[in-house]
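S.K.: Encoded as structure tokens, here's the structure I'll be asking about.
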Amino acid sequence: MSKEQRAHLNAMLRQPRPEGPSSVQAIRAGFKAMMAQMIVPDGLRTMETTLGDRPALRIEPGDGPRTGTILYFHGGGFVFGSPETALSLTGNLVSKTGFRAFSVDYRLAPEHPFPAAIQDTLSAYRALLDSGQDPSTIAFAGDSAGGGLTVTTCLAARDAGLPMPAAIVAFSPGLDATRTGESMDTKAGIDPFFTRESLGHTGTMYLAGADPHQPMLSPAILADLTGFPPMLLQAGTDEMLLDDSTRMAARARAAGVDVILDITADVPHVFQAYAGALDEADQALDRAALFLTQHVHVPASA
């Protein structure tokens, strides 16, 4: 582990930003520019495709995938981000597991508020099942808002009578739209990304007046997780959303779900995106890949 790497990253993330709420267009452009600097592994094949009724990016190892699919949900507060901005994450998971990934370009708020994103991710999962894929060969993975979608898409799938995927991997998931975790206050000022105001700005766009006190918006405190697949929750100690993961892990344990809570010290929100520049990111992705290969069923002939 490198204190120098973490200090450099923290300083970079604390560069001065414009005061006050930014427009949706400015937020999207800024995030796209930031994520374009991330390191994507070599030797991948990417193809634009459609899953359900939404565009998606298909990512495969250059030498062809093993049997196994990662259905990936990108981060961005349900307002910004895309399969392209998450490519350092999906690319590393594909490279490290040998599985293929489909990264879903779900609809974003404010144009398409709650529950549009969940409808789109559920539709993508249904499309994989309808194509003949066994759910035991599919895992959900995602970061930030997309990490939240790994859980809420499972809730929606269960409500629709669909089988559960083999596993869930969530990087710094957003799992509580009520924003009542203690870390919202204890990590304020420590978190280099978020303030309560910035989270409220995008959160209001996604909620569009919906009550956050419901399982599909705040599963960490309200969801029934009975029958959920094994879960890996990864977060850093420097993030305001830390307690979204700690409370989800406790809730999963109480429901009899296999869950691993994997917390890394002194790193920010979705630190895994900095793979290749931050040792902790590469190590966390190694652990995530191991978890996926342990739980995603790969037939002996694959």
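Starting from 1 in every chain, residues are counted up; chains themselves are A, B, ... following the order of the structure tokens, and ligands are numbered from 1 as listed.
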At a cut-off of 7 Å, using only C-alpha atoms, what residues contact region 87-93 of chain A? Leave out same-chain residues fewer than 4 positions from it and give the result as a PDB file with C-alpha atoms, in the first residue's frame.
M.R.:
```
ATOM      1  CA  MET A  38      -8.744   6.275 -15.775  1.00  0.00           C
ATOM      2  CA  ILE A  39      -6.559   3.372 -16.889  1.00  0.00           C
ATOM      3  CA  VAL A  40      -8.355   0.660 -18.878  1.00  0.00           C
ATOM      4  CA  PRO A  41      -6.609  -2.712 -19.235  1.00  0.00           C
ATOM      5  CA  ILE A  59     -16.751  -6.056 -22.945  1.00  0.00           C
ATOM      6  CA  PRO A  83     -20.888   2.459 -19.731  1.00  0.00           C
ATOM      7  CA  THR A  97     -12.185 -13.013 -14.257  1.00  0.00           C
ATOM      8  CA  ALA A 101     -19.618  -8.003 -19.136  1.00  0.00           C
ATOM      9  CA  GLN A 272     -11.389   0.919  -7.447  1.00  0.00           C
ATOM     10  CA  ALA A 273     -11.649   3.125 -10.544  1.00  0.00           C
ATOM     11  CA  LEU A 285     -10.454  -5.563  -7.762  1.00  0.00           C
ATOM     12  CA  ALA A 289     -12.688 -10.956  -9.164  1.00  0.00           C
TER      13      ALA A 289
END
```
S.K.: Do you know which residues are at most 8 Å from Gly98 (chain A) counting only C-alpha atoms, after dropping those on the same chain fewer than 6 positions away, and could you put them as number ranges by chain?
M.R.: A: 60-61, 64-66
S.K.: May I have the residues from that selection written out with C-alpha atoms, as an mmCIF file, in the first residue's frame?
M.R.:
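Done, and the output landed in out27.cif:
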```
data_model
loop_
_atom_site.group_PDB
_atom_site.id
_atom_site.type_symbol
_atom_site.label_atom_id
_atom_site.label_comp_id
_atom_site.auth_asym_id
_atom_site.auth_seq_id
_atom_site.Cartn_x
_atom_site.Cartn_y
_atom_site.Cartn_z
ATOM 1 C CA GLU A 60 -14.826 -9.294 -23.465
ATOM 2 C CA PRO A 61 -11.288 -10.556 -23.013
ATOM 3 C CA GLY A 64 -12.657 -14.800 -25.815
ATOM 4 C CA PRO A 65 -14.682 -15.093 -22.608
ATOM 5 C CA ARG A 66 -15.277 -17.986 -20.276
#
```
S.K.: If you count only C-alpha atoms, which residues fall within 8 Å of Phe228 (chain A), apart from same-chain ones fewer than 6 positions away, as a list of chain:residue names?
M.R.: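 After dropping sequence-adjacent residues, the list is A:Cys154, A:Met164, A:Val257.
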S.K.: Hey, can you spit out that residue selection with N, CA and C atoms as a compact mmCIF listing (two decimals), in the first residue's frame?
M.R.:
```txt
# COMPACT_ATOMS: atom_id res chain seq x y z
N CYS A 154 -32.18 -6.72 -7.88
CA CYS A 154 -32.53 -8.02 -7.29
C CYS A 154 -33.92 -7.97 -6.65
N MET A 164 -32.82 -15.27 -8.78
CA MET A 164 -31.72 -14.40 -8.37
C MET A 164 -30.47 -14.70 -9.20
N VAL A 257 -28.11 -13.93 4.63
CA VAL A 257 -27.42 -13.82 3.34
C VAL A 257 -25.91 -13.90 3.56
```
S.K.: Compile the contact shell of Ala235 (chain A) as a ChimeraX atom specification: residues with an atom at most 10 Å away, counting only C-alpha atoms, same-chain residues fewer than 6 positions apart removed.
M.R.: /A:143-144,170-173,241-246,261-265,267-272,284
S.K.: May I have the selected residues written with N, CA and C atoms, as a short mmCIF file (atom, residue, chain, number, x, y, z; two decimals), in the first residue's frame?
M.R.:
```
data_model
loop_
_atom_site.label_atom_id
_atom_site.label_comp_id
_atom_site.auth_asym_id
_atom_site.auth_seq_id
_atom_site.Cartn_x
_atom_site.Cartn_y
_atom_site.Cartn_z
N ASP A 143 -21.14 0.34 -9.35
CA ASP A 143 -20.47 1.29 -8.46
C ASP A 143 -21.39 2.45 -8.15
N SER A 144 -21.31 2.93 -6.92
CA SER A 144 -22.05 4.11 -6.47
C SER A 144 -23.55 3.91 -6.69
N ALA A 170 -20.71 -4.83 -5.18
CA ALA A 170 -21.07 -3.41 -5.17
C ALA A 170 -19.89 -2.59 -4.64
N PHE A 171 -19.44 -1.64 -5.46
CA PHE A 171 -18.35 -0.73 -5.10
C PHE A 171 -18.96 0.57 -4.58
N SER A 172 -18.72 0.90 -3.31
CA SER A 172 -19.22 2.15 -2.71
C SER A 172 -20.69 2.39 -3.05
N PRO A 173 -21.56 1.40 -2.79
CA PRO A 173 -22.94 1.55 -3.25
C PRO A 173 -23.70 2.64 -2.51
N LEU A 241 -20.81 7.93 2.19
CA LEU A 241 -21.75 6.82 1.99
C LEU A 241 -21.28 5.52 2.64
N LEU A 242 -20.25 5.56 3.45
CA LEU A 242 -19.71 4.35 4.07
C LEU A 242 -20.79 3.55 4.79
N ASP A 243 -21.64 4.23 5.55
CA ASP A 243 -22.64 3.50 6.33
C ASP A 243 -23.74 2.90 5.48
N ASP A 244 -23.86 3.29 4.22
CA ASP A 244 -24.76 2.58 3.32
C ASP A 244 -24.32 1.12 3.22
N SER A 245 -23.00 0.91 3.12
CA SER A 245 -22.48 -0.46 3.02
C SER A 245 -22.52 -1.19 4.36
N THR A 246 -22.14 -0.51 5.45
CA THR A 246 -22.10 -1.20 6.74
C THR A 246 -23.50 -1.62 7.18
N LEU A 261 -18.20 -7.71 3.91
CA LEU A 261 -18.03 -6.26 3.99
C LEU A 261 -16.54 -5.98 3.96
N ASP A 262 -16.09 -5.33 2.89
CA ASP A 262 -14.67 -5.16 2.58
C ASP A 262 -14.35 -3.67 2.59
N ILE A 263 -13.79 -3.19 3.71
CA ILE A 263 -13.54 -1.76 3.88
C ILE A 263 -12.04 -1.50 3.80
N THR A 264 -11.65 -0.53 2.96
CA THR A 264 -10.25 -0.15 2.79
C THR A 264 -10.02 1.22 3.43
N ALA A 265 -8.93 1.35 4.16
CA ALA A 265 -8.65 2.58 4.90
C ALA A 265 -8.13 3.69 4.00
N VAL A 267 -9.18 5.70 1.69
CA VAL A 267 -9.44 5.81 0.25
C VAL A 267 -10.84 6.36 0.04
N PRO A 268 -11.08 7.00 -1.12
CA PRO A 268 -12.35 7.68 -1.34
C PRO A 268 -13.38 6.79 -2.04
N HIS A 269 -14.49 7.41 -2.32
CA HIS A 269 -15.62 6.80 -3.02
C HIS A 269 -15.16 6.18 -4.35
N VAL A 270 -15.56 4.94 -4.59
CA VAL A 270 -15.22 4.18 -5.80
C VAL A 270 -13.72 4.29 -6.12
N PHE A 271 -12.91 4.03 -5.12
CA PHE A 271 -11.46 4.08 -5.30
C PHE A 271 -10.97 3.03 -6.29
N GLN A 272 -11.79 1.98 -6.53
CA GLN A 272 -11.39 0.92 -7.45
C GLN A 272 -11.18 1.43 -8.88
N ALA A 284 -8.26 -4.43 -4.37
CA ALA A 284 -9.71 -4.59 -4.17
C ALA A 284 -10.35 -5.27 -5.37
#
```
S.K.: Quick one: residues within 10 Å of His74 (chain A), only C-alpha atoms counted, chain neighbours fewer than 6 positions away excluded, as a list of chain:residue names?
M.R.: A:Phe80, A:Gly81, A:Ser82, A:Pro83, A:Glu84, A:Thr85, A:Ala86, A:Leu87, A:Leu89, A:Thr90, A:Ser103, A:Val104, A:Asp105, A:Tyr106, A:Ala141, A:Gly142, A:Asp143, A:Ser144, A:Ala145, A:Gly146, A:Gly147, A:Gly148, A:Leu149
S.K.: CA of Val298 (chain A) to CA of Gln133 (chain A): how many Å, to one decimal?
M.R.: 11.8 Å
